[in-house]
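S.K.: Got a structure for you, written out below as structure tokens; questions coming shortly.
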Amino acid sequence: MPLINLPEFSAELLAEFDARKAERVDTPVIQPAEPFLDIAGEDLRRRIFMTESETGASLCLRPEFTIPVCLRHIETATGTPKRYAYLGEVFRQRRDGANEFYQAGIEDLGDINIPSADARAIGDATGILARLLPGRRLSVTLGDQAVFEAVVQALGLPLGWQKRLIHAFGNMTQLEALLGGLVSPQFVTGLDDDIARLVASGDEQALVAHLEQEMQATGYSTKDSRSPLEIARRLKEKLILSETRLDDAAFHVLEEFLSLDVPLVNASAALAGFADAAGLKLGNALSRFNGRVGALADAGVDLSCLDYRAAFGRPLDYYTGLVFEVTVEGSSAVLAGGGRFDKLLTFLGATDRIPAVGFSFWLDRIETERAAA
């Protein structure tokens, strides 16, 4: 397939990375598919180009850089803190634009000063775009998955519902459907009478024994499926979820939270006021949020172009806290996006927990903006 021409501003972009002391690295175009299938999220999973090795291992064309850069860091046993920069082709299906395009960005691994690292990521993304698009006013939308998780946990929902809601963060259609299910529960139906009775009794040991007996009688193998214990616990979770109803007061609290959309300079006060009115303790999540706002101000970032939207998320499952996107004011085209992914390196095999934050640029969209100047 023909190579896409590098944007003419690539040298300027690489110079910006170098000035920010980010070491440029490259990663193979052919990547193991499993991390993307397991960790990246449904939106990316259905867009990647899959293939396989001669031994049958699942592979894919590199659909993004964050996971490959993190895998490289783990494989090379490099210490932290470490800043990596990249510029290269990625391959994934898009609703608009080519399926083969260039991305560039910075991954900041191991900085334990979370507010400072978050502020640096936003400052670097907006600072570099300001250099590439002189005279354009930028607009930054910021969200925080950790604050949403704190709200959901403070409402005291069962863990299964918390996981479902947190997984849907950033996808308002899915989130609204889940909230509808919480307001009007759909009870579990279609179970065998004996299984339904055992699930309702809460006797896990008896349920497991019954499932095991049924599976043996039907010749059903557990090698390629869930074990009787896993099935029993999943049925129990489904029963709990189906019987959980979110009362009107709690539903309105979630609705009010998700409707918050304020300039970042007002966001700390808005969140504190919301938490006080709802009687919720948001603890460390709110402290980190406030610390990030302070760090952004200390770093000289123009806070007037930043907005906080409580319902805003990005379609990648590995984000854990800050998420943000940058556009030119008045345009919907996302030029840069990123966030915090503190659990990703552990999921990928790192022995120690490594805090991480990063962002990427969509170079074809930046090129379009430059051409329109």
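Naming works like this for the structure tokens: A, B, ... for the chains as they're shown, residue 1 at the start of each chain, ligands 1 onward in shown order.
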Taking 2 positions as the minimum chain separation for residues in the same chain, which residues sit within 9 Å of A:Leu178 when counting only C-alpha atoms? Answer as a list in words.
M.R.: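 Listed by chain and then number, they are Trp161, Arg164, Leu165, Ala168, Thr173, Gln174, Leu175, Glu176, Gly180, Gly181, Leu182 and Val183 of chain A.
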S.K.: Could I get the residues of stretch 70-114 of chain A with an atom no further than 7 Å from an atom of stretch 47-63 of chain A, each paired with its nearest atom pair and that distance in Å to one decimal, using only C-alpha atoms, sorted by chain and residue number, as CSV?
M.R.:
residue,atom,partner,partner_atom,distance
A:Val90,CA,A:Pro63,CA,5.0
A:Phe91,CA,A:Pro63,CA,4.8
A:Arg92,CA,A:Ile48,CA,4.9
A:Gln93,CA,A:Arg47,CA,4.8
S.K.: Would you mind exporting the chosen residues as a tab-separated table (two decimals), in the first residue's frame, restricted to C-alpha atoms?
M.R.:
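Final file, part-v4.tsv:
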chain	number	residue	atom	x	y	z
A	90	VAL	CA	-1.77	4.20	12.51
A	91	PHE	CA	-4.37	2.03	10.82
A	92	ARG	CA	-8.02	1.93	11.76
A	93	GLN	CA	-11.39	2.42	10.17
S.K.: For stretch 334-339 of chain A, work out the shell of residues within 10 Å, counting only C-alpha atoms and skipping chain neighbours fewer than 6 positions away, then give it as a PyMOL selection string.
M.R.: chain A and resi 66+103-107+118+121-122+125-126+129+138-145+313-314+316+318-328+356-367+369
S.K.: In terms of the shortest atom-to-atom distance over only C-alpha atoms, which of A:Ala277, A:Arg370, A:Pro7, A:Thr351 is closest to A:Arg131?
M.R.: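 Comparing A:Ala277, A:Arg370, A:Pro7, A:Thr351 against A:Arg131, the winner is A:Arg370.
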S.K.: So that I can check the surroundings of stretch 245-261 of chain A, please list as a PyMOL selection string every protein, DNA and RNA residue that reaches within 12 Å of it, counting only C-alpha atoms and ignoring chain neighbours fewer than 6 positions away.
M.R.: chain A and resi 141-145+147-158+161-162+165+169-172+175-176+178-187+267-280+306-313
S.K.: So that I can see what lies close to A:Pro68, please list as a VMD selection string the residues with an atom at most 9 Å from it, counting only C-alpha atoms and leaving out residues fewer than 5 positions away in the same chain.
M.R.: chain A and resid 26 to 28 31 62 73
S.K.: For C-alpha atoms, I'd like the residues from the last selection saved as a tab-separated table (two decimals), in the first residue's frame.
M.R.:
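Written output follows (out-v2.tsv):
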chain	number	residue	atom	x	y	z
A	26	ASP	CA	9.04	3.91	17.21
A	27	THR	CA	7.07	0.70	17.55
A	28	PRO	CA	6.33	-2.13	15.07
A	31	GLN	CA	1.17	-5.56	16.98
A	62	ARG	CA	-1.08	-0.65	14.87
A	73	HIS	CA	8.70	0.54	27.90
S.K.: Please extract the residues of stretch 39-209 of chain A with a backbone DSSP assignment of strand (DSSP E) and present them as a PDB file with C-alpha atoms, in the first residue's frame.
M.R.:
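Full text of part.pdb as output:
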ATOM      1  CA  MET A  50      -6.854  -7.938  12.153  1.00  0.00           C
ATOM      2  CA  THR A  51      -4.530 -10.642  10.827  1.00  0.00           C
ATOM      3  CA  GLU A  52      -2.729 -13.638  12.344  1.00  0.00           C
ATOM      4  CA  SER A  58      -3.931 -12.837  16.630  1.00  0.00           C
ATOM      5  CA  LEU A  59      -2.181  -9.750  15.269  1.00  0.00           C
ATOM      6  CA  CYS A  60      -3.307  -6.344  14.077  1.00  0.00           C
ATOM      7  CA  LEU A  61      -2.031  -3.279  12.293  1.00  0.00           C
ATOM      8  CA  LYS A  82      10.227   8.730  31.327  1.00  0.00           C
ATOM      9  CA  ARG A  83       8.777  10.861  28.529  1.00  0.00           C
ATOM     10  CA  TYR A  84       8.302   9.300  25.105  1.00  0.00           C
ATOM     11  CA  ALA A  85       7.315  11.005  21.859  1.00  0.00           C
ATOM     12  CA  TYR A  86       6.163   9.317  18.664  1.00  0.00           C
ATOM     13  CA  LEU A  87       5.202  10.172  15.114  1.00  0.00           C
ATOM     14  CA  GLY A  88       4.035   7.471  12.737  1.00  0.00           C
ATOM     15  CA  GLU A  89       1.209   5.818  10.869  1.00  0.00           C
ATOM     16  CA  VAL A  90      -1.773   4.202  12.511  1.00  0.00           C
ATOM     17  CA  PHE A  91      -4.366   2.026  10.824  1.00  0.00           C
ATOM     18  CA  GLU A 100      -4.245   4.978   7.237  1.00  0.00           C
ATOM     19  CA  PHE A 101      -3.070   8.240   8.765  1.00  0.00           C
ATOM     20  CA  TYR A 102      -0.383   9.835  10.912  1.00  0.00           C
ATOM     21  CA  GLN A 103      -0.559  10.437  14.644  1.00  0.00           C
ATOM     22  CA  ALA A 104       1.996  11.978  16.965  1.00  0.00           C
ATOM     23  CA  GLY A 105       2.069  12.529  20.685  1.00  0.00           C
ATOM     24  CA  ILE A 106       3.730  12.257  24.064  1.00  0.00           C
ATOM     25  CA  GLU A 107       3.356   9.572  26.750  1.00  0.00           C
ATOM     26  CA  ASP A 108       4.513  10.661  30.214  1.00  0.00           C
ATOM     27  CA  LEU A 109       5.231   7.607  32.383  1.00  0.00           C
ATOM     28  CA  LEU A 138      -8.174  26.848  20.948  1.00  0.00           C
ATOM     29  CA  SER A 139     -10.955  25.244  22.955  1.00  0.00           C
ATOM     30  CA  VAL A 140     -10.304  22.453  25.470  1.00  0.00           C
ATOM     31  CA  THR A 141     -13.011  20.159  26.845  1.00  0.00           C
ATOM     32  CA  LEU A 142     -11.972  18.403  30.030  1.00  0.00           C
ATOM     33  CA  GLY A 143     -13.602  15.516  31.897  1.00  0.00           C
ATOM     34  CA  ASP A 144     -12.584  13.357  34.837  1.00  0.00           C
TER      35      ASP A 144
END
S.K.: What is the atom CA of A:Pro355 to atom CA of A:Ile112 distance in Å?
M.R.: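 Between atom CA of A:Pro355 and atom CA of A:Ile112 the gap works out to 6.5 Å.
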S.K.: Could you check the closest approach to A:Gly123 for each of A:Arg136, A:Arg24, A:Arg292, A:His210 and tell me which residue wins, using only C-alpha atoms?
M.R.: A:Arg292
S.K.: Quote the spacing between atom CA of A:Ile354 and atom CA of A:Glu42 in Å to one decimal place.
M.R.: 24.3 Å
S.K.: For A:Asp352, which residue out of A:Ala295, A:Ser332, A:Ile74, A:Asp302 is the nearest one, using only C-alpha atoms?
M.R.: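 Nearest candidate to A:Asp352 out of A:Ala295, A:Ser332, A:Ile74, A:Asp302: A:Ile74.
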S.K.: What is the distance between atom CA of A:Ser287 and atom CA of A:Asn113, in Å to one decimal?
M.R.: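 Atom CA of A:Ser287 sits 13.2 Å away from atom CA of A:Asn113.
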